[in-house]
file input_29.txt (compact mmCIF, C-alpha atoms)
# COMPACT_ATOMS: atom_id res chain seq x y z
CA MET A 437 26.71 152.67 151.67
CA ASN A 438 25.77 155.36 154.15
CA ALA A 439 22.56 157.33 153.79
CA PRO A 440 22.78 160.90 152.49
CA PRO A 441 22.93 163.61 155.15
CA ASP A 442 19.76 165.37 156.18
CA GLN A 443 19.13 168.33 153.90
CA SER A 444 16.37 169.91 155.93
CA ALA A 445 18.59 172.48 157.48
CA THR A 446 19.90 173.52 154.14
CA SER A 447 16.47 173.73 152.58
CA GLN A 448 15.28 176.00 155.39
CA SER A 449 18.20 178.40 155.13
CA PRO A 450 17.19 181.83 153.78
CA THR A 451 20.07 181.73 151.27
CA SER A 452 19.73 178.10 150.12
CA LEU A 453 18.49 177.19 146.66
CA LYS A 454 15.31 175.27 145.92
CA LYS A 455 15.76 171.57 145.07
CA ALA A 456 13.70 171.22 141.88
CA LEU A 457 15.82 169.30 139.34
CA THR A 458 14.96 165.69 138.54
CA THR A 459 17.14 163.31 136.50
CA PRO A 460 15.30 163.98 133.20
CA LEU A 461 15.48 167.76 133.67
CA LEU A 462 19.18 167.55 134.50
CA TYR A 463 19.77 165.30 131.48
CA PHE A 464 18.15 167.85 129.16
CA PHE A 465 20.04 170.67 130.89
CA ILE A 466 23.39 169.03 130.10
CA LEU A 467 22.38 167.83 126.64
CA GLY A 468 21.08 171.28 125.72
CA ASP A 469 24.30 172.91 126.88
CA VAL A 470 26.53 170.50 124.95
CA LEU A 471 24.37 170.49 121.81
CA GLY A 472 24.67 174.25 121.54
CA ALA A 473 25.08 176.65 118.67
CA GLY A 474 28.65 175.47 118.00
CA VAL A 475 27.62 172.25 116.30
CA TYR A 476 25.99 174.24 113.51
CA VAL A 477 29.38 175.63 112.45
CA LEU A 478 31.79 173.04 113.83
CA VAL A 479 31.54 170.35 111.17
CA GLY A 480 33.11 172.48 108.44
CA GLN A 481 36.06 173.45 110.63
CA VAL A 482 36.71 169.84 111.63
CA ALA A 483 36.56 168.82 107.96
CA ALA A 484 39.17 171.46 107.13
CA ASP A 485 41.51 170.04 109.79
CA SER A 486 40.95 166.31 109.40
CA GLY A 487 39.40 165.60 106.01
CA GLY A 488 36.18 163.79 105.15
CA ALA A 489 36.24 161.40 108.14
CA VAL A 490 34.68 164.06 110.37
CA TRP A 491 33.16 161.44 112.66
CA ALA A 492 36.58 160.12 113.81
CA PRO A 493 37.87 163.26 115.62
CA LEU A 494 34.39 163.77 117.10
CA VAL A 495 34.50 160.31 118.67
CA ALA A 496 38.07 160.92 119.88
CA ALA A 497 36.99 164.22 121.45
CA LEU A 498 34.12 162.47 123.23
CA CYS A 499 36.57 160.03 124.83
CA LEU A 500 38.72 162.92 126.07
CA ALA A 501 35.71 164.78 127.44
CA LEU A 502 34.49 161.69 129.31
CA LEU A 503 37.73 161.64 131.35
CA THR A 504 37.12 165.03 132.91
CA ALA A 505 33.38 164.35 133.10
CA ALA A 506 34.06 161.32 135.31
CA SER A 507 36.06 163.52 137.68
CA TYR A 508 33.17 165.96 137.82
CA ALA A 509 30.73 163.11 138.53
CA GLU A 510 32.69 162.07 141.61
CA LEU A 511 33.16 165.60 142.92
CA VAL A 512 29.55 166.64 142.34
CA THR A 513 28.12 163.62 144.14
CA LYS A 514 30.64 164.03 146.93
CA TYR A 515 30.19 167.80 147.35
CA PRO A 516 26.79 168.86 145.88
CA ARG A 517 27.37 172.60 146.07
CA ALA A 518 26.51 175.40 143.64
CA GLY A 519 30.11 176.64 143.57
CA GLY A 520 31.12 173.65 141.46
CA SER A 521 34.67 173.77 140.10
CA SER A 522 35.60 176.73 142.29
CA HIS A 523 34.41 174.94 145.41
CA TYR A 524 36.43 171.81 144.62
CA ALA A 525 39.64 173.75 143.99
CA ASN A 526 39.03 175.74 147.17
CA LEU A 527 38.69 172.53 149.20
CA ALA A 528 41.77 170.96 147.64
CA PHE A 529 44.20 173.86 147.30
CA GLY A 530 42.76 176.77 149.26
CA PRO A 531 41.02 180.06 148.42
CA PHE A 532 43.57 181.25 145.85
CA ALA A 533 43.06 178.23 143.58
CA GLY A 534 39.34 178.36 144.28
CA PHE A 535 39.10 181.97 143.21
CA LEU A 536 41.26 181.46 140.12
CA THR A 537 39.14 178.50 139.03
CA GLY A 538 35.93 180.38 139.58
CA PHE A 539 37.32 183.47 137.88
CA CYS A 540 38.20 181.46 134.77
CA MET A 541 34.73 179.91 134.72
CA LEU A 542 33.03 183.26 135.23
CA ALA A 543 35.12 184.97 132.57
CA ALA A 544 34.42 182.19 130.08
CA GLY A 545 30.71 182.11 130.91
CA ILE A 546 30.14 185.85 130.74
CA VAL A 547 32.02 186.17 127.46
CA SER A 548 30.14 183.18 126.06
CA VAL A 549 26.75 184.73 126.84
CA ALA A 550 27.88 188.01 125.27
CA ALA A 551 29.07 186.27 122.13
CA LEU A 552 25.86 184.24 121.86
CA ALA A 553 23.80 187.40 122.29
CA ARG A 554 25.63 189.01 119.38
CA GLY A 555 25.17 185.82 117.39
CA PHE A 556 21.45 185.93 118.07
CA GLY A 557 21.28 189.44 116.65
CA GLY A 558 23.21 188.55 113.50
CA ASP A 559 22.45 186.87 110.20
CA TYR A 560 20.05 184.25 111.55
CA LEU A 561 17.71 186.89 112.97
CA ALA A 562 18.08 188.95 109.78
CA GLU A 563 16.32 186.14 107.92
CA PHE A 564 13.13 187.26 109.67
CA VAL A 565 13.47 190.88 110.84
CA THR A 566 16.01 193.71 110.92
CA LEU A 567 16.35 195.51 114.25
CA PRO A 568 19.03 197.70 115.89
CA LEU A 569 21.63 195.43 117.45
CA VAL A 570 21.60 197.31 120.78
CA LEU A 571 17.84 196.79 121.11
CA VAL A 572 18.18 193.09 120.31
CA LEU A 573 20.94 192.67 122.90
CA ILE A 574 18.99 194.41 125.67
CA VAL A 575 15.72 192.57 125.03
CA PHE A 576 17.44 189.22 124.51
CA LEU A 577 19.59 189.30 127.65
CA ALA A 578 16.86 190.82 129.82
CA SER A 579 14.43 188.09 128.74
CA LEU A 580 16.94 185.36 129.59
CA ALA A 581 17.67 186.98 132.97
CA LEU A 582 13.95 187.10 133.83
CA LEU A 583 13.52 183.44 132.90
CA ASN A 584 16.61 182.57 134.94
CA ALA A 585 15.27 184.49 137.96
CA ARG A 586 11.81 182.94 137.67
CA GLY A 587 13.18 179.57 138.70
CA ILE A 588 15.51 176.71 137.84
CA SER A 589 12.65 174.33 137.04
CA GLU A 590 11.05 176.84 134.66
CA SER A 591 14.40 177.54 133.01
CA THR A 592 15.20 173.87 132.55
CA ARG A 593 11.73 173.11 131.19
CA ALA A 594 12.26 175.83 128.60
CA ASN A 595 15.64 174.24 127.94
CA GLY A 596 13.96 170.88 127.49
CA VAL A 597 11.72 172.27 124.74
CA ALA A 598 14.64 174.08 123.09
CA THR A 599 16.79 170.96 123.26
CA VAL A 600 14.11 168.96 121.46
CA VAL A 601 14.11 171.61 118.71
CA GLU A 602 17.93 171.56 118.48
CA VAL A 603 18.11 167.79 118.34
CA GLY A 604 15.26 167.77 115.82
CA GLY A 605 17.29 170.03 113.54
CA LEU A 606 20.32 167.77 113.82
CA LEU A 607 18.22 164.66 113.18
CA LEU A 608 16.85 166.44 110.12
CA VAL A 609 20.42 166.85 108.83
CA ILE A 610 21.13 163.17 109.47
CA GLY A 611 17.97 162.19 107.62
CA LEU A 612 18.71 164.51 104.70
CA GLY A 613 22.25 163.17 104.48
CA CYS A 614 20.94 159.62 104.27
CA TRP A 615 18.45 160.67 101.58
CA ILE A 616 21.21 162.31 99.52
CA VAL A 617 23.28 159.12 99.69
CA LEU A 618 20.33 156.87 98.85
CA ARG A 619 19.41 158.87 95.77
CA GLY A 620 23.00 158.57 94.54
CA ASP A 621 24.24 162.13 95.08
CA GLY A 622 26.48 161.39 98.07
CA ASP A 623 29.83 159.67 98.49
CA LEU A 624 30.36 157.26 101.39
CA GLY A 625 34.03 156.96 100.44
CA ARG A 626 34.71 160.35 101.98
CA LEU A 627 33.99 158.88 105.43
CA THR A 628 37.32 157.02 105.35
CA GLU A 629 39.39 159.99 104.15
CA LEU A 630 41.35 160.89 107.27
CA GLY A 631 44.10 163.41 106.51
CA THR A 632 44.72 166.56 104.51
CA ALA A 633 47.35 167.81 102.09
CA GLY A 634 49.51 169.00 104.97
CA LYS A 635 48.71 166.36 107.60
CA GLY A 636 48.87 162.60 107.77
CA PRO A 637 46.05 160.51 109.33
CA ALA A 638 47.39 160.62 112.92
CA ALA A 639 48.11 164.37 112.88
CA ALA A 640 44.75 165.07 111.24
CA LEU A 641 42.91 162.97 113.83
CA PHE A 642 44.61 164.77 116.71
CA SER A 643 44.17 168.21 115.18
CA GLY A 644 40.50 167.55 114.48
CA ALA A 645 39.97 166.10 117.95
CA VAL A 646 41.37 169.26 119.57
CA LEU A 647 38.87 171.33 117.62
CA ALA A 648 36.02 168.86 118.16
CA TYR A 649 36.72 168.90 121.91
CA TYR A 650 35.36 172.42 121.92
CA SER A 651 31.94 171.08 120.94
CA PHE A 652 31.67 169.04 124.15
CA VAL A 653 32.45 172.02 126.39
CA GLY A 654 29.31 172.84 128.33
CA PHE A 655 28.88 169.77 130.52
CA GLU A 656 30.91 171.48 133.25
CA THR A 657 28.21 174.13 133.71
CA SER A 658 25.85 171.54 135.17
CA VAL A 659 27.89 171.22 138.38
CA ASN A 660 26.63 174.65 139.41
CA VAL A 661 23.05 173.40 139.70
CA ALA A 662 23.97 170.38 141.85
CA GLU A 663 22.59 172.13 144.93
CA GLU A 664 19.23 172.42 143.15
CA THR A 665 19.14 168.70 142.20
CA ARG A 666 16.86 166.53 144.31
CA ASP A 667 19.17 163.52 144.49
CA PRO A 668 22.56 164.45 142.98
CA ARG A 669 24.24 161.17 144.03
CA ARG A 670 21.83 159.19 141.85
CA SER A 671 20.82 161.74 139.23
CA TYR A 672 24.05 163.47 138.26
CA PRO A 673 26.16 160.55 136.93
CA ARG A 674 23.21 159.19 134.96
CA ALA A 675 22.33 162.56 133.46
CA LEU A 676 25.96 163.53 132.75
CA PHE A 677 27.13 160.35 131.01
CA GLY A 678 23.80 159.87 129.28
CA ALA A 679 23.86 163.40 127.87
CA LEU A 680 27.49 163.18 126.73
CA LEU A 681 27.00 159.82 125.03
CA THR A 682 23.84 161.11 123.35
CA ALA A 683 25.65 164.22 122.15
CA GLY A 684 28.59 162.16 120.93
CA ALA A 685 26.33 159.85 118.94
CA VAL A 686 24.45 162.78 117.38
CA TYR A 687 27.70 164.60 116.55
CA ALA A 688 29.23 161.52 114.89
CA LEU A 689 26.10 160.90 112.81
CA VAL A 690 25.81 164.58 111.82
CA GLY A 691 29.49 164.61 110.83
CA ALA A 692 29.10 161.45 108.77
CA ALA A 693 25.92 162.71 107.08
CA ALA A 694 27.42 166.09 106.23
CA ALA A 695 30.70 164.60 104.91
CA ALA A 696 28.90 162.02 102.77
CA ALA A 697 26.43 164.56 101.36
CA VAL A 698 28.72 167.54 100.67
CA PRO A 699 32.23 167.54 99.15
CA THR A 700 34.89 168.09 101.82
CA GLY A 701 36.24 171.28 100.26
CA LYS A 702 32.80 172.87 100.09
CA LEU A 703 32.02 171.76 103.62
CA ALA A 704 35.28 173.21 104.95
CA ALA A 705 34.78 176.54 103.17
CA SER A 706 31.24 177.10 104.49
CA SER A 707 30.39 179.09 107.63
CA GLY A 708 27.07 177.23 107.72
CA PRO A 709 28.06 173.66 106.83
CA LEU A 710 24.80 172.04 107.89
CA LEU A 711 22.89 174.52 105.77
CA GLU A 712 24.87 173.15 102.81
CA VAL A 713 23.32 169.74 103.49
CA VAL A 714 19.86 171.31 103.49
CA ARG A 715 20.58 173.05 100.18
CA VAL A 716 21.90 169.90 98.50
CA ALA A 717 18.91 167.88 99.67
CA GLY A 718 16.33 170.46 98.65
CA GLY A 719 12.71 170.56 99.79
CA VAL A 720 13.40 172.14 103.21
CA PRO A 721 13.09 175.95 103.63
CA THR A 722 16.38 177.55 104.65
CA ARG A 723 14.42 179.78 107.04
CA LEU A 724 13.53 176.70 109.02
CA PHE A 725 17.17 176.05 109.73
CA SER A 726 17.72 179.70 110.68
CA ALA A 727 14.90 179.38 113.21
CA ILE A 728 16.45 176.24 114.67
CA ALA A 729 19.83 178.01 114.92
CA LEU A 730 18.20 180.90 116.80
CA VAL A 731 16.70 178.46 119.28
CA ALA A 732 20.11 176.82 119.73
CA VAL A 733 21.80 180.16 120.37
CA ALA A 734 19.14 181.29 122.84
CA ASN A 735 19.23 177.98 124.67
CA GLY A 736 23.01 178.05 124.96
CA ALA A 737 22.92 181.58 126.33
CA LEU A 738 20.22 180.66 128.87
CA LEU A 739 22.13 177.67 130.20
CA THR A 740 25.44 179.53 130.34
CA GLY A 741 23.68 182.40 132.13
CA ILE A 742 22.35 179.95 134.70
CA MET A 743 25.86 178.59 135.20
CA SER A 744 27.44 182.03 135.61
CA SER A 745 24.90 183.22 138.17
CA ARG A 746 25.09 180.00 140.23
CA LEU A 747 28.87 180.07 140.12
CA ALA A 748 28.93 183.66 141.38
CA TYR A 749 26.49 182.64 144.12
CA GLY A 750 28.63 179.66 145.14
CA MET A 751 31.87 181.67 145.16
CA ALA A 752 30.19 184.26 147.38
CA GLN A 753 29.20 181.48 149.78
CA ASP A 754 32.89 180.56 149.97
CA ASP A 755 33.75 184.22 150.69
CA LEU A 756 35.59 184.49 147.37
CA LEU A 757 33.19 187.16 146.08
CA PRO A 758 31.11 189.77 147.97
CA ARG A 759 28.44 188.24 150.17
CA PHE A 760 25.62 190.31 148.64
CA LEU A 761 25.77 187.92 145.68
CA THR A 762 24.19 185.24 147.90
CA LYS A 763 20.86 187.10 148.10
CA VAL A 764 17.96 185.09 146.71
CA LEU A 765 14.36 185.92 145.89
CA PRO A 766 12.19 185.04 148.93
CA GLY A 767 9.63 182.98 147.01
CA ARG A 768 11.56 181.76 143.97
CA ARG A 769 14.79 180.95 145.85
CA THR A 770 16.87 182.07 142.86
CA PRO A 771 20.08 184.18 143.20
CA TRP A 772 18.67 187.41 141.73
CA VAL A 773 21.69 189.61 142.56
CA ALA A 774 24.14 187.18 140.92
CA ILE A 775 21.84 186.95 137.89
CA THR A 776 21.65 190.74 137.59
CA VAL A 777 25.40 191.29 137.90
CA THR A 778 26.46 188.56 135.44
CA THR A 779 23.81 189.64 132.92
CA ALA A 780 24.93 193.26 133.13
CA LEU A 781 28.55 192.27 132.47
CA SER A 782 27.50 190.16 129.47
CA LEU A 783 25.47 193.07 128.11
CA LEU A 784 28.43 195.41 128.53
CA LEU A 785 30.73 193.05 126.62
CA ALA A 786 28.14 192.41 123.92
CA MET A 787 27.54 196.14 123.37
CA THR A 788 31.24 196.95 123.06
CA GLY A 789 31.55 194.49 120.20
CA ASP A 790 35.01 193.38 121.36
CA VAL A 791 33.79 189.85 122.08
CA ASP A 792 35.58 187.84 119.41
CA THR A 793 39.02 188.51 120.90
CA LEU A 794 37.90 187.45 124.37
CA ALA A 795 35.87 184.48 123.11
CA SER A 796 38.98 182.90 121.56
CA THR A 797 40.43 182.50 125.08
CA LEU A 798 37.36 180.60 126.34
CA VAL A 799 38.74 177.14 125.65
CA LEU A 800 42.11 177.96 127.19
CA LEU A 801 40.40 179.20 130.35
CA LEU A 802 38.31 176.04 130.57
CA LEU A 803 41.36 173.81 130.10
CA VAL A 804 42.88 175.55 133.15
CA VAL A 805 39.67 174.82 135.03
CA PHE A 806 39.58 171.18 133.93
CA PHE A 807 43.22 170.67 134.94
CA LEU A 808 42.51 172.06 138.42
CA VAL A 809 39.36 169.95 138.76
CA ASN A 810 41.17 166.71 137.87
CA THR A 811 44.05 167.44 140.22
CA SER A 812 41.61 168.54 142.96
CA LEU A 813 39.96 165.13 142.79
CA LEU A 814 43.31 163.43 143.40
CA VAL A 815 43.95 165.62 146.46
CA LEU A 816 40.41 165.22 147.84
CA ARG A 817 40.56 161.43 147.69
CA ARG A 818 41.90 161.69 151.26
CA ASP A 819 38.73 163.46 152.38
CA THR A 820 35.76 161.38 153.52
CA VAL A 821 32.09 162.36 153.58
CA PRO A 822 29.22 160.73 155.51
CA HIS A 823 27.29 159.72 152.38
CA GLY A 824 27.89 157.48 149.39
CA HIS A 825 28.98 158.95 146.06
CA PHE A 826 30.19 158.04 142.58
CA ARG A 827 33.88 157.05 142.43
CA ALA A 828 36.03 157.13 139.29
CA PRO A 829 39.13 154.93 138.87
CA THR A 830 42.30 156.77 139.95
CA ALA A 831 43.68 156.63 136.42
CA VAL A 832 40.78 158.75 135.15
CA PRO A 833 41.69 162.09 136.81
CA VAL A 834 45.37 161.48 135.99
CA LEU A 835 44.55 160.99 132.30
CA GLY A 836 42.09 163.87 132.44
CA ALA A 837 44.74 166.27 133.73
CA ALA A 838 47.25 165.00 131.15
CA SER A 839 44.73 165.51 128.34
CA CYS A 840 44.25 169.14 129.41
CA VAL A 841 48.00 169.77 129.21
CA LEU A 842 48.16 168.05 125.83
CA LEU A 843 45.26 170.08 124.42
CA ALA A 844 46.68 173.32 125.82
CA THR A 845 49.88 172.78 123.82
CA GLN A 846 47.75 173.03 120.67
CA ILE A 847 46.37 176.48 121.53
CA GLU A 848 47.64 179.25 119.25
CA ARG A 849 50.32 181.62 120.53
CA ASP A 850 48.20 184.77 120.25
CA VAL A 851 45.41 183.12 122.25
CA TRP A 852 47.93 182.23 124.94
CA ALA A 853 49.06 185.86 125.04
CA ARG A 854 45.50 187.05 125.68
CA GLY A 855 44.74 184.18 128.03
CA LEU A 856 47.77 184.88 130.18
CA ILE A 857 46.54 188.43 130.71
CA VAL A 858 43.17 187.16 131.93
CA LEU A 859 44.90 184.59 134.14
CA ALA A 860 47.21 187.28 135.57
CA VAL A 861 44.19 189.41 136.52
CA GLY A 862 42.54 186.38 138.10
CA ALA A 863 45.72 185.52 140.00
CA ALA A 864 46.02 189.06 141.37
CA LEU A 865 42.39 189.12 142.50
CA GLY A 866 42.79 185.59 143.85
CA ALA A 867 45.72 186.65 146.02
CA VAL A 868 43.62 189.46 147.48
CA ALA A 869 40.70 187.08 148.07
CA ALA A 870 42.98 184.55 149.77
CA VAL A 871 44.38 187.18 152.15
CA ARG A 872 40.86 188.43 152.93
CA VAL A 873 39.62 184.92 153.69
CA ARG A 874 42.60 184.18 155.95
CA HIS A 875 42.09 187.43 157.85
CA GLY A 876 38.38 186.67 158.13
CA ARG A 877 39.16 183.31 159.66
call {"tool": "encode", "arguments": {"input": "input_29.txt", "output": "structure tokens"}}
result
Amino acid sequence: MNAPPDQSATSQSPTSLKKALTTPLLYFFILGDVLGAGVYVLVGQVAADSGGAVWAPLVAALCLALLTAASYAELVTKYPRAGGSSHYANLAFGPFAGFLTGFCMLAAGIVSVAALARGFGGDYLAEFVTLPLVLVLIVFLASLALLNARGISESTRANGVATVVEVGGLLLVIGLGCWIVLRGDGDLGRLTELGTAGKGPAAALFSGAVLAYYSFVGFETSVNVAEETRDPRRSYPRALFGALLTAGAVYALVGAAAAAAVPTGKLAASSGPLLEVVRVAGGVPTRLFSAIALVAVANGALLTGIMSSRLAYGMAQDDLLPRFLTKVLPGRRTPWVAITVTTALSLLLAMTGDVDTLASTLVLLLLVVFFLVNTSLLVLRRDTVPHGHFRAPTAVPVLGAASCVLLATQIERDVWARGLIVLAVGAALGAVAAVRVRHGR
């Protein structure tokens, strides 16, 4: 195995990013992004689609997510660049595909931060204080932007603390679920009830897995901090697979605890299914869970904001976005212009209130990205680099691409209609970017 190339030149470049991420920090970065706010509402929706055996579609979704994750692991360790998915598609298919991939990631990331900001200012915050939504949005997003600009190590350390809080809340649910069963108020029989009135076991498993797949979205954001990882060849695969397997285990246990503790119908009808477990168990203040949810929302927004700014920075390095987005703070080495622009767009979307319609296209956009990433890996297998890297079996990207197509067929028609509009805008801008890059060359 060849030694990694010398990074000294890169580290001395005035527009390069500081290498500060270790394996533990990267692990918590990925785990915190996957174990986001969605898990606190996901269990009820999965129960509605698949029945009491909530754990089964969660495990199936983990297996599907690991396919694309393996493709990312190879590409990240082969090309440790901040552009991530956009950079891989650009290398494999040219600037048009690179721009379209990055555009989908940016659109999904910016909308996600906006939606999380509005979620932060909603019912969970109202448990403690009532403030004008506009004020909450401005203060919330500005605070996250300042933390993001302060440095990747500071941001990921804050994420590490927040992730501990999030996981602690989920472990609390698991413990309460066990207590409910032990005292005789639960029903373990519900854990084998796979299927609903309108769906048999196989259809229910697949339908629930499609929905549960959404909960594992987030691992792809970590590729955009590869350039800030000290040893991505060694650290990234360990952190990525470790975080996904940890998240999958926690999800399955949370799903089993919730289904055993709360009747399936009640679980499916609740917008706060894990709070139902807390209420059935008793003895734990509901405000405590609201506080944990606020931490989860803030942490998800911080990590997605980091992804969006690094992606914009990486696309600008590839001449797919204006070069001024590559400007970094002299001391902190963080992309302050990209952070400012992506935060401003998220604030604009959050203040308009028209986030729900755009947020429903997020998964569709990411499936497009995942399909391009898996197919990019197949094309780039012909490319060699002077350093060793992780290598996935050839069947993995093939199955990963096929799983994206399969999941996309389950997306609702109205979401496709909105998603196609976003994709059309991205394609038009991508064509312009491709022409500009060719003329520049």
call {"tool": "closest_residue", "arguments": {"input": "input_29.txt", "among": "A:Pro637, A:Gly596, A:Gly644, A:Gly611", "to": "Val720 (chain A)", "atoms": "all atoms listed in the file"}}
result
A:Gly611
call {"tool": "residues_around", "arguments": {"input": "input_29.txt", "residues": "Ser521 (chain A)", "least_positions_apart": "3", "cutoff": "7 Å", "atoms": "all atoms listed in the file", "output": "mmCIF file with C-alpha atoms, in the coordinates of the input"}}
result
data_model
loop_
_atom_site.group_PDB
_atom_site.id
_atom_site.type_symbol
_atom_site.label_atom_id
_atom_site.label_comp_id
_atom_site.auth_asym_id
_atom_site.auth_seq_id
_atom_site.Cartn_x
_atom_site.Cartn_y
_atom_site.Cartn_z
ATOM 1 C CA TYR A 524 36.430 171.810 144.620
ATOM 2 C CA ALA A 525 39.640 173.750 143.990
ATOM 3 C CA THR A 537 39.140 178.500 139.030
ATOM 4 C CA GLY A 538 35.930 180.380 139.580
ATOM 5 C CA VAL A 809 39.360 169.950 138.760
#
call {"tool": "closest_residue", "arguments": {"input": "input_29.txt", "among": "A:Ala483, A:Ala638, A:Leu503, A:Tyr687", "to": "Ile610 (chain A)", "atoms": "only C-alpha atoms"}}
result
A:Tyr687
call {"tool": "atom_distance", "arguments": {"input": "input_29.txt", "atom1": "CA of Glu664 (chain A)", "atom2": "CA of Pro516 (chain A)"}}
result
8.8 Å
call {"tool": "closest_atom_pairs", "arguments": {"input": "input_29.txt", "of": "region 736-837 of chain A", "to": "region 568-587 of chain A", "cutoff": "7 Å", "atoms": "all atoms listed in the file", "output": "tab-separated table"}}
result
residue	atom	partner	partner_atom	distance
A:Leu738	CA	A:Leu580	CA	5.8
A:Ile742	CA	A:Asn584	CA	6.3
A:Arg768	CA	A:Gly587	CA	5.9
A:Thr770	CA	A:Ala585	CA	5.7
A:Trp772	CA	A:Ala585	CA	5.9
A:Ile775	CA	A:Ala581	CA	6.4
A:Thr779	CA	A:Ala581	CA	6.7
A:Leu783	CA	A:Leu573	CA	6.9
A:Met787	CA	A:Val570	CA	6.6
call {"tool": "atom_distance", "arguments": {"input": "input_29.txt", "atom1": "CA of Trp852 (chain A)", "atom2": "CA of Val646 (chain A)"}}
result
15.5 Å
call {"tool": "atom_distance", "arguments": {"input": "input_29.txt", "atom1": "CA of Arg872 (chain A)", "atom2": "CA of Leu542 (chain A)"}}
result
20.0 Å
call {"tool": "closest_residue", "arguments": {"input": "input_29.txt", "among": "A:Ala639, A:Ala853, A:Val773, A:Val799", "to": "Pro758 (chain A)", "atoms": "all atoms listed in the file"}}
result
A:Val773
call {"tool": "residues_near_point", "arguments": {"input": "input_29.txt", "point": "(31.0, 182.4, 131.3)", "cutoff": "10 Å", "atoms": "only C-alpha atoms", "output": "ChimeraX atom specification"}}
result
/A:538-550,657,737,740-745,747,778,782,795,798,801-802
call {"tool": "closest_residue", "arguments": {"input": "input_29.txt", "among": "A:Leu498, A:Leu711, A:Ala492, A:Ala640", "to": "Ala679 (chain A)", "atoms": "all atoms listed in the file"}}
result
A:Leu498
call {"tool": "closest_residue", "arguments": {"input": "input_29.txt", "among": "A:Leu730, A:Val851, A:Leu781, A:Val834", "to": "Val601 (chain A)", "atoms": "all atoms listed in the file"}}
result
A:Leu730
call {"tool": "closest_residue", "arguments": {"input": "input_29.txt", "among": "A:Pro493, A:Gly530, A:Gly625, A:Pro771", "to": "Val661 (chain A)", "atoms": "all atoms listed in the file"}}
result
A:Pro771
call {"tool": "residues_around", "arguments": {"input": "input_29.txt", "residues": "Arg674 (chain A)", "least_positions_apart": "3", "cutoff": "8 Å", "atoms": "all atoms listed in the file", "output": "PyMOL selection string"}}
result
chain A and resi 459+463+670-671+677-678
call {"tool": "residues_around", "arguments": {"input": "input_29.txt", "residues": "region 691-706 of chain A", "least_positions_apart": "6", "cutoff": "7 Å", "atoms": "all atoms listed in the file", "output": "PyMOL selection string"}}
result
chain A and resi 479-481+483-484+487-488+490-491+610+613-614+616-617+622-624+626-627+713
call {"tool": "residues_near_point", "arguments": {"input": "input_29.txt", "point": "(29.8, 164.7, 138.1)", "cutoff": "9 Å", "atoms": "only C-alpha atoms", "output": "PyMOL selection string"}}
result
chain A and resi 504-514+656+658-659+662+668-669+672-673+676-677+826
